[in-house]
>>> print(open('my_file_8.txt').read())   # compact mmCIF, C-alpha atoms
# COMPACT_ATOMS: atom_id res chain seq x y z
CA MET A 1274 66.23 92.55 129.26
CA THR A 1275 67.27 92.73 125.57
CA GLU A 1276 69.94 95.28 124.79
CA PRO A 1277 68.86 97.88 122.19
CA VAL A 1278 70.31 97.37 118.72
CA THR A 1279 72.82 100.11 117.97
CA GLY A 1280 73.31 101.70 114.57
CA LEU A 1281 76.70 100.00 114.19
CA ALA A 1282 75.21 96.59 115.00
CA ALA A 1283 72.36 97.22 112.53
CA ARG A 1284 74.95 98.14 109.89
CA GLU A 1285 76.74 94.83 110.39
CA GLN A 1286 73.42 92.96 110.14
CA TRP A 1287 72.67 94.64 106.82
CA LEU A 1288 76.13 94.02 105.34
CA ASP A 1289 75.94 90.38 106.41
CA TRP A 1290 72.52 90.07 104.75
CA LEU A 1291 73.84 91.66 101.55
CA ALA A 1292 76.74 89.22 101.47
CA ARG A 1293 74.74 86.06 102.21
CA GLU A 1294 71.34 86.71 100.68
CA ARG A 1295 72.09 89.13 97.84
CA ARG A 1296 75.59 87.81 97.13
CA ALA A 1297 76.92 91.34 96.87
CA SER A 1298 80.50 91.67 95.65
CA PRO A 1299 83.32 92.61 98.06
CA HIS A 1300 83.57 95.96 96.24
CA THR A 1301 79.87 96.68 96.82
CA LEU A 1302 80.10 95.66 100.48
CA ALA A 1303 83.11 97.91 101.02
CA ALA A 1304 81.43 100.90 99.32
CA TYR A 1305 78.12 100.50 101.16
CA GLY A 1306 79.91 99.85 104.45
CA ALA A 1307 81.82 103.11 104.05
CA ASP A 1308 78.65 104.98 103.08
CA LEU A 1309 76.86 103.76 106.21
CA ALA A 1310 79.88 104.60 108.36
CA ASP A 1311 79.73 108.18 107.02
CA PHE A 1312 76.00 108.38 107.73
CA LEU A 1313 76.18 106.92 111.24
CA GLY A 1314 79.11 109.23 112.05
CA PHE A 1315 76.99 112.19 110.94
CA LEU A 1316 74.05 111.02 113.07
CA ASN A 1317 76.33 110.68 116.08
CA ARG A 1318 77.12 114.39 115.76
CA HIS A 1319 73.67 115.42 114.58
CA LEU A 1320 71.75 113.61 117.34
CA GLY A 1321 74.34 113.93 120.09
CA GLY A 1322 75.03 110.20 120.43
CA GLU A 1323 75.10 106.87 118.63
CA PRO A 1324 71.64 106.15 117.18
CA ASP A 1325 69.71 103.00 118.03
CA LEU A 1326 66.75 101.52 116.15
CA ALA A 1327 64.31 103.94 117.75
CA ALA A 1328 66.42 106.91 116.67
CA LEU A 1329 66.75 105.53 113.14
CA ALA A 1330 62.99 104.97 112.92
CA ALA A 1331 62.39 108.55 114.09
CA LEU A 1332 64.55 110.13 111.37
CA ARG A 1333 62.84 112.63 109.11
CA PRO A 1334 63.61 113.64 105.51
CA ALA A 1335 65.22 116.81 106.89
CA ASP A 1336 67.82 114.67 108.70
CA LEU A 1337 68.82 112.94 105.48
CA ARG A 1338 68.91 116.24 103.64
CA ALA A 1339 71.21 117.62 106.35
CA PHE A 1340 73.56 114.66 105.84
CA LEU A 1341 73.64 115.16 102.05
CA ALA A 1342 74.18 118.90 102.48
CA GLU A 1343 77.10 118.33 104.85
CA ARG A 1344 78.70 115.90 102.42
CA ALA A 1345 78.36 118.46 99.63
CA MET A 1346 79.39 121.64 101.43
CA ARG A 1347 81.87 120.42 104.04
CA ASP A 1348 83.39 117.47 102.21
CA GLY A 1349 82.96 118.57 98.59
CA VAL A 1350 81.31 115.30 97.56
CA GLY A 1351 79.70 115.31 94.11
CA ASN A 1352 76.18 114.34 93.09
CA ALA A 1353 77.08 110.81 91.97
CA THR A 1354 78.64 109.88 95.31
CA ARG A 1355 75.81 111.46 97.32
CA ALA A 1356 73.23 109.64 95.19
CA ARG A 1357 75.03 106.36 95.87
CA GLN A 1358 75.15 107.10 99.59
CA LEU A 1359 71.45 107.86 99.62
CA ALA A 1360 70.80 104.56 97.82
CA ALA A 1361 72.79 102.77 100.52
CA ILE A 1362 70.81 104.52 103.28
CA ARG A 1363 67.51 103.63 101.59
CA GLY A 1364 68.53 100.00 101.37
CA PHE A 1365 69.69 100.00 104.99
CA LEU A 1366 66.48 101.56 106.36
CA ARG A 1367 64.29 99.25 104.28
CA PHE A 1368 66.22 96.27 105.59
CA LEU A 1369 65.62 97.47 109.16
CA ALA A 1370 61.92 97.85 108.37
CA ARG A 1371 61.73 94.20 107.30
CA ARG A 1372 64.02 92.82 109.99
CA HIS A 1373 62.83 94.85 112.98
CA GLY A 1374 59.39 96.09 111.97
CA MET A 1375 60.29 99.77 112.07
CA THR A 1376 58.76 102.33 109.69
CA PRO A 1377 61.41 104.41 107.87
CA VAL A 1378 59.59 107.74 107.85
CA ALA A 1379 62.69 109.51 106.53
CA LEU A 1380 62.30 107.88 103.11
CA ALA A 1381 58.93 109.48 102.42
CA ALA A 1382 58.98 112.02 99.56
CA LEU A 1383 62.79 112.29 99.60
CA ARG A 1384 64.53 112.78 96.28
CA GLY A 1385 68.24 112.37 95.88
CA PRO A 1386 70.74 114.45 93.88
CA ARG A 1387 70.13 114.32 90.14
CA VAL A 1388 72.82 112.33 88.39
CA VAL A 1389 73.19 112.28 84.63
CA PRO A 1390 75.26 109.20 83.75
CA PRO A 1391 78.04 109.91 81.28
CA ALA A 1392 77.52 108.42 77.86
CA PRO A 1393 79.77 105.41 77.27
CA ARG A 1394 82.79 106.09 75.09
CA PRO A 1395 83.00 103.24 72.60
CA LEU A 1396 85.79 102.66 70.13
CA THR A 1397 85.19 102.77 66.43
CA ALA A 1398 84.65 99.40 64.80
CA GLU A 1399 88.16 99.50 63.32
CA GLN A 1400 89.75 100.44 66.67
CA ALA A 1401 87.89 97.63 68.44
CA ARG A 1402 89.00 95.11 65.82
CA GLU A 1403 92.56 96.40 66.13
CA VAL A 1404 92.55 95.95 69.91
CA ALA A 1405 91.15 92.43 69.62
CA ARG A 1406 93.62 91.49 66.88
CA ASP A 1407 96.84 93.22 67.89
CA THR A 1408 97.03 93.79 71.66
CA GLY A 1409 98.97 90.55 72.10
CA SER A 1410 101.63 91.79 69.69
CA VAL A 1411 103.37 93.76 72.44
CA GLU A 1412 104.01 90.56 74.44
CA ALA A 1413 107.32 88.76 73.87
CA ASP A 1414 105.96 85.48 75.25
CA PRO A 1415 103.84 83.73 72.55
CA LEU A 1416 101.56 82.20 75.19
CA MET A 1417 100.84 85.55 76.85
CA ALA A 1418 100.36 87.14 73.42
CA ALA A 1419 97.79 84.48 72.47
CA ARG A 1420 96.10 84.89 75.85
CA ASP A 1421 95.67 88.65 75.44
CA GLN A 1422 94.36 88.29 71.90
CA ALA A 1423 91.87 85.65 73.03
CA LEU A 1424 90.72 87.73 76.01
CA PHE A 1425 90.17 90.99 74.15
CA THR A 1426 88.56 89.21 71.19
CA LEU A 1427 86.15 87.61 73.67
CA LEU A 1428 85.35 90.94 75.37
CA TYR A 1429 84.50 92.63 72.08
CA GLY A 1430 82.97 89.62 70.34
CA CYS A 1431 80.62 88.69 73.20
CA GLY A 1432 80.21 91.96 75.11
CA LEU A 1433 81.39 90.51 78.41
CA ARG A 1434 82.42 92.33 81.56
CA ILE A 1435 86.08 91.64 82.24
CA SER A 1436 85.16 89.96 85.55
CA GLU A 1437 82.86 87.60 83.64
CA ALA A 1438 85.57 86.65 81.15
CA LEU A 1439 88.22 86.13 83.82
CA GLY A 1440 85.83 84.00 85.87
CA LEU A 1441 85.56 81.39 83.10
CA ASP A 1442 87.23 77.98 83.40
CA VAL A 1443 88.56 75.88 80.53
CA ARG A 1444 85.33 73.86 80.50
CA ASP A 1445 83.51 77.14 79.71
CA ALA A 1446 85.70 77.98 76.70
CA PRO A 1447 83.58 79.53 73.93
CA ARG A 1448 82.90 77.32 70.92
CA ALA A 1449 81.45 78.46 67.62
CA GLY A 1450 77.80 77.59 67.20
CA ILE A 1451 77.33 76.90 70.91
CA GLY A 1452 75.97 79.61 73.20
CA LEU A 1453 78.33 80.76 75.94
CA ARG A 1454 76.67 80.60 79.35
CA ILE A 1455 77.67 83.54 81.55
CA ARG A 1456 76.94 84.11 85.21
CA GLY A 1457 76.80 87.88 85.64
CA LYS A 1458 75.90 90.35 88.37
CA GLY A 1459 73.62 88.96 91.06
CA GLN A 1460 74.42 85.44 89.81
CA LYS A 1461 72.04 85.97 86.89
CA GLU A 1462 72.70 83.68 83.95
CA ARG A 1463 72.52 84.57 80.28
CA VAL A 1464 73.60 82.88 77.07
CA VAL A 1465 75.49 84.81 74.39
CA PRO A 1466 76.29 83.64 70.86
CA VAL A 1467 79.93 82.96 69.96
CA LEU A 1468 81.47 84.30 66.76
CA PRO A 1469 83.94 82.04 64.90
CA ALA A 1470 86.72 84.64 65.44
CA VAL A 1471 86.21 84.38 69.23
CA ALA A 1472 86.24 80.58 69.23
CA GLU A 1473 89.34 80.48 67.01
CA ALA A 1474 91.31 82.93 69.17
CA VAL A 1475 90.52 81.02 72.37
CA ALA A 1476 91.26 77.65 70.75
CA ALA A 1477 94.66 78.91 69.53
CA TYR A 1478 95.51 80.05 73.05
CA LEU A 1479 94.47 76.71 74.58
CA ARG A 1480 96.56 74.78 72.03
CA LEU A 1481 99.63 76.70 73.19
CA ARG A 1482 98.75 75.73 76.76
CA GLY A 1483 98.80 72.07 75.80
CA HIS A 1484 95.06 71.35 76.18
CA PRO A 1485 94.73 71.99 79.94
CA SER A 1486 92.24 70.23 82.23
CA ALA A 1487 88.64 71.43 82.30
CA ASP A 1488 88.74 72.77 85.86
CA GLN A 1489 91.66 75.16 85.30
CA PRO A 1490 91.04 78.90 84.80
CA LEU A 1491 90.59 79.79 81.14
CA PHE A 1492 92.89 82.81 81.36
CA LEU A 1493 96.09 82.37 83.36
CA GLY A 1494 98.50 84.92 84.77
CA ALA A 1495 102.27 84.63 84.39
CA ARG A 1496 102.52 82.71 87.67
CA GLY A 1497 99.91 80.13 86.77
CA GLY A 1498 96.94 81.49 88.74
CA ARG A 1499 93.76 83.06 87.39
CA LEU A 1500 94.55 86.24 85.47
CA ASP A 1501 93.96 89.39 87.48
CA ALA A 1502 91.87 92.18 85.93
CA ALA A 1503 94.56 94.75 86.75
CA VAL A 1504 97.08 92.81 84.65
CA ALA A 1505 94.70 92.73 81.67
CA GLN A 1506 93.98 96.44 82.06
CA ARG A 1507 97.71 97.18 82.18
CA ALA A 1508 98.31 95.16 79.00
CA LEU A 1509 95.69 97.15 77.11
CA ARG A 1510 96.96 100.43 78.55
CA HIS A 1511 100.48 99.61 77.28
CA TYR A 1512 99.17 98.69 73.85
CA ARG A 1513 96.90 101.70 73.39
CA ARG A 1514 99.75 104.09 74.16
CA LEU A 1515 102.03 102.38 71.65
CA ALA A 1516 99.25 102.29 69.05
CA GLY A 1517 98.12 105.87 69.63
CA LEU A 1518 94.60 104.88 70.68
CA PRO A 1519 92.57 107.13 73.04
CA GLU A 1520 92.82 106.67 76.81
CA SER A 1521 89.18 105.58 76.70
CA ALA A 1522 90.33 102.30 75.08
CA THR A 1523 89.83 100.07 78.13
CA PRO A 1524 88.55 96.50 78.53
CA HIS A 1525 85.13 97.88 79.48
CA ALA A 1526 85.13 100.10 76.39
CA LEU A 1527 85.12 96.90 74.32
CA ARG A 1528 81.82 95.96 75.96
CA HIS A 1529 80.44 99.43 75.20
CA SER A 1530 81.66 99.06 71.63
CA PHE A 1531 79.97 95.67 71.27
CA ALA A 1532 76.62 97.21 72.25
CA THR A 1533 77.01 100.42 70.26
CA HIS A 1534 78.06 98.65 67.07
CA LEU A 1535 75.16 96.21 67.35
CA LEU A 1536 72.76 99.12 67.83
CA GLY A 1537 74.24 100.94 64.85
CA ALA A 1538 73.73 97.82 62.74
CA GLY A 1539 70.03 97.76 63.62
CA ALA A 1540 69.93 95.31 66.52
CA ASP A 1541 66.90 95.48 68.80
CA LEU A 1542 67.49 97.27 72.12
CA ARG A 1543 65.81 94.47 74.08
CA ALA A 1544 68.09 91.90 72.44
CA ILE A 1545 71.15 93.98 73.36
CA GLN A 1546 69.85 94.20 76.95
CA GLU A 1547 69.71 90.39 77.11
CA LEU A 1548 73.17 89.98 75.60
CA LEU A 1549 74.71 92.47 78.06
CA GLY A 1550 72.87 91.05 81.07
CA HIS A 1551 71.41 94.42 82.09
CA ALA A 1552 68.65 94.12 84.66
CA SER A 1553 67.03 97.34 83.46
CA LEU A 1554 66.39 98.52 79.92
CA SER A 1555 67.20 102.07 81.06
CA THR A 1556 70.85 101.02 81.45
CA THR A 1557 70.95 99.72 77.88
CA GLN A 1558 69.23 102.85 76.58
CA ARG A 1559 72.39 104.82 77.30
CA TYR A 1560 73.72 103.40 74.04
CA THR A 1561 71.02 105.16 72.05
CA GLY A 1562 72.56 108.42 73.23
CA VAL A 1563 75.98 107.28 72.04
CA ASP A 1564 74.65 106.41 68.61
CA ALA A 1565 72.68 109.66 68.32
CA ALA A 1566 75.76 111.67 69.32
CA ARG A 1567 77.81 109.95 66.64
CA LEU A 1568 75.16 110.59 64.00
CA LEU A 1569 74.99 114.27 64.96
CA ASP A 1570 78.78 114.56 64.80
CA SER A 1571 78.79 112.99 61.33
CA TRP A 1572 76.02 115.36 60.21
CA ARG A 1573 77.94 118.40 61.44
CA LYS A 1574 81.06 117.31 59.53
CA ALA A 1575 79.28 116.38 56.30
CA HIS A 1576 76.12 118.46 55.90
CA PRO A 1577 76.57 121.61 53.79
CA ARG A 1578 74.19 123.55 56.05
CA ALA A 1579 75.78 122.41 59.33
CA ASP A 1580 77.48 125.77 59.88
>>> encode(input="my_file_8.txt", output="structure tokens")
Amino acid sequence: MTEPVTGLAAREQWLDWLARERRASPHTLAAYGADLADFLGFLNRHLGGEPDLAALAALRPADLRAFLAERAMRDGVGNATRARQLAAIRGFLRFLARRHGMTPVALAALRGPRVVPPAPRPLTAEQAREVARDTGSVEADPLMAARDQALFTLLYGCGLRISEALGLDVRDAPRAGIGLRIRGKGQKERVVPVLPAVAEAVAAYLRLRGHPSADQPLFLGARGGRLDAAVAQRALRHYRRLAGLPESATPHALRHSFATHLLGAGADLRAIQELLGHASLSTTQRYTGVDAARLLDSWRKAHPRAD
């Protein structure tokens, strides 16, 4: 006789499927794994024992609401975290529906906590240019200085995520006039144009490296391995404090700045979506709020009737 599938076993099946079929990142797997552990722990208390597939199929919206309420009132968890946990539970129950033929009744007519995403905090055009041009100046080693300048010029000039930039190899080095092929989230590919300033900064860095082989990482750490994102973030943090830039001046802020400055210059929102590699236009539309906020701020400072 087949043993019933427990909630913990079902959780492992789902995480394995996310890793193999959806190619989810280790960070995503860890976050969703923790979310499901919280939920299954709640059900253990709520139902008086570890749930199996039958118990999961029998859940009602009220059970999920009870979980979200406990997280809010007992654990002090905010809306954003509870919304993410609900998204994980939805994905888990839908996976079980496909894999085991169960009907997730609990998902019917259930709305999660309302989350208003914060508007991105871009740098001004001058601040972004300063970061791209001068961050390497705090490095005593000329090679590391050239590396940092090339990296931050690439982030601002092409709107890349830092993980995308650090995943490049020498063979992928951006060249002016040739589109840079990027593999982003979910292994989706996009091609972004390369500005001459980006190509020149990367070429100068590679010349100092002595024209390395094509299969080596494009950006190297001090010990010769692929540069770690934490090291790049620390370099920019050190520079922004010396230069008096806001704490919002991070590697990811350069990507926000790329999008916001393009939008301010009249670029089409759909084109910006393609350049950023956003799956949904609603994600890109956050930048319209940034631009509108900046316009309103300028109006308040300059318009004689603003008071």
>>> residues_around(input="my_file_8.txt", residues="range 1484-1500 of chain A", least_positions_apart="6", cutoff="12 Å", atoms="only C-alpha atoms", output="PyMOL selection string")
chain A and resi 1412+1414-1425+1427+1435-1447+1475-1478+1506-1508
>>> atom_distance(input="my_file_8.txt", atom1="CA of Ser1530 in chain A", atom2="CA of Leu1396 in chain A")
5.7 Å
>>> residues_around(input="my_file_8.txt", residues="Asp1289 in chain A", least_positions_apart="6", cutoff="12 Å", atoms="all atoms listed in the file", output="PyMOL selection string")
chain A and resi 1282-1283+1295-1299+1302-1303+1305-1306+1365+1368
>>> write_last_selection(input="my_file_8.txt", atoms="C-alpha atoms", output="mmCIF file, in the coordinates of the input")
data_model
loop_
_atom_site.group_PDB
_atom_site.id
_atom_site.type_symbol
_atom_site.label_atom_id
_atom_site.label_comp_id
_atom_site.auth_asym_id
_atom_site.auth_seq_id
_atom_site.Cartn_x
_atom_site.Cartn_y
_atom_site.Cartn_z
ATOM 1 C CA ALA A 1282 75.210 96.590 115.000
ATOM 2 C CA ALA A 1283 72.360 97.220 112.530
ATOM 3 C CA ARG A 1295 72.090 89.130 97.840
ATOM 4 C CA ARG A 1296 75.590 87.810 97.130
ATOM 5 C CA ALA A 1297 76.920 91.340 96.870
ATOM 6 C CA SER A 1298 80.500 91.670 95.650
ATOM 7 C CA PRO A 1299 83.320 92.610 98.060
ATOM 8 C CA LEU A 1302 80.100 95.660 100.480
ATOM 9 C CA ALA A 1303 83.110 97.910 101.020
ATOM 10 C CA TYR A 1305 78.120 100.500 101.160
ATOM 11 C CA GLY A 1306 79.910 99.850 104.450
ATOM 12 C CA PHE A 1365 69.690 100.000 104.990
ATOM 13 C CA PHE A 1368 66.220 96.270 105.590
#
>>> residues_near_point(input="my_file_8.txt", point="(78.6, 94.9, 78.3)", cutoff="8 Å", atoms="all atoms listed in the file", output="ChimeraX atom specification")
/A:1432-1434,1525,1527-1529,1531-1532,1548-1550
>>> atom_distance(input="my_file_8.txt", atom1="CA of Gly1459 in chain A", atom2="CA of His1373 in chain A")
25.1 Å
>>> atom_distance(input="my_file_8.txt", atom1="CA of Pro1395 in chain A", atom2="CA of Ile1451 in chain A")
27.0 Å
>>> axis_aligned_box(input="my_file_8.txt", around="range 1287-1291 of chain A", padding_each_side="3 Å", output="lines of an AutoDock Vina configuration file")
center_x = 74.3
center_y = 92.4
center_z = 104.2
size_x = 9.6
size_y = 10.6
size_z = 11.3
>>> residues_around(input="my_file_8.txt", residues="Leu1509 in chain A", least_positions_apart="3", cutoff="7 Å", atoms="only C-alpha atoms", output="list in words")
Thr1408, Ala1505, Gln1506, Tyr1512, Arg1513 and Thr1523 of chain A
>>> closest_residue(input="my_file_8.txt", among="A:Gln1358, A:Leu1481, A:Val1404, A:Thr1376", to="Leu1515 in chain A", atoms="all atoms listed in the file")
A:Val1404
>>> closest_residue(input="my_file_8.txt", among="A:Pro1334, A:Gly1280, A:Pro1524, A:Gly1321", to="Leu1359 in chain A", atoms="only C-alpha atoms")
A:Pro1334
>>> residues_near_point(input="my_file_8.txt", point="(75.9, 113.6, 114.2)", cutoff="12 Å", atoms="only C-alpha atoms", output="ChimeraX atom specification")
/A:1310-1324,1328,1336-1337,1339-1340,1343
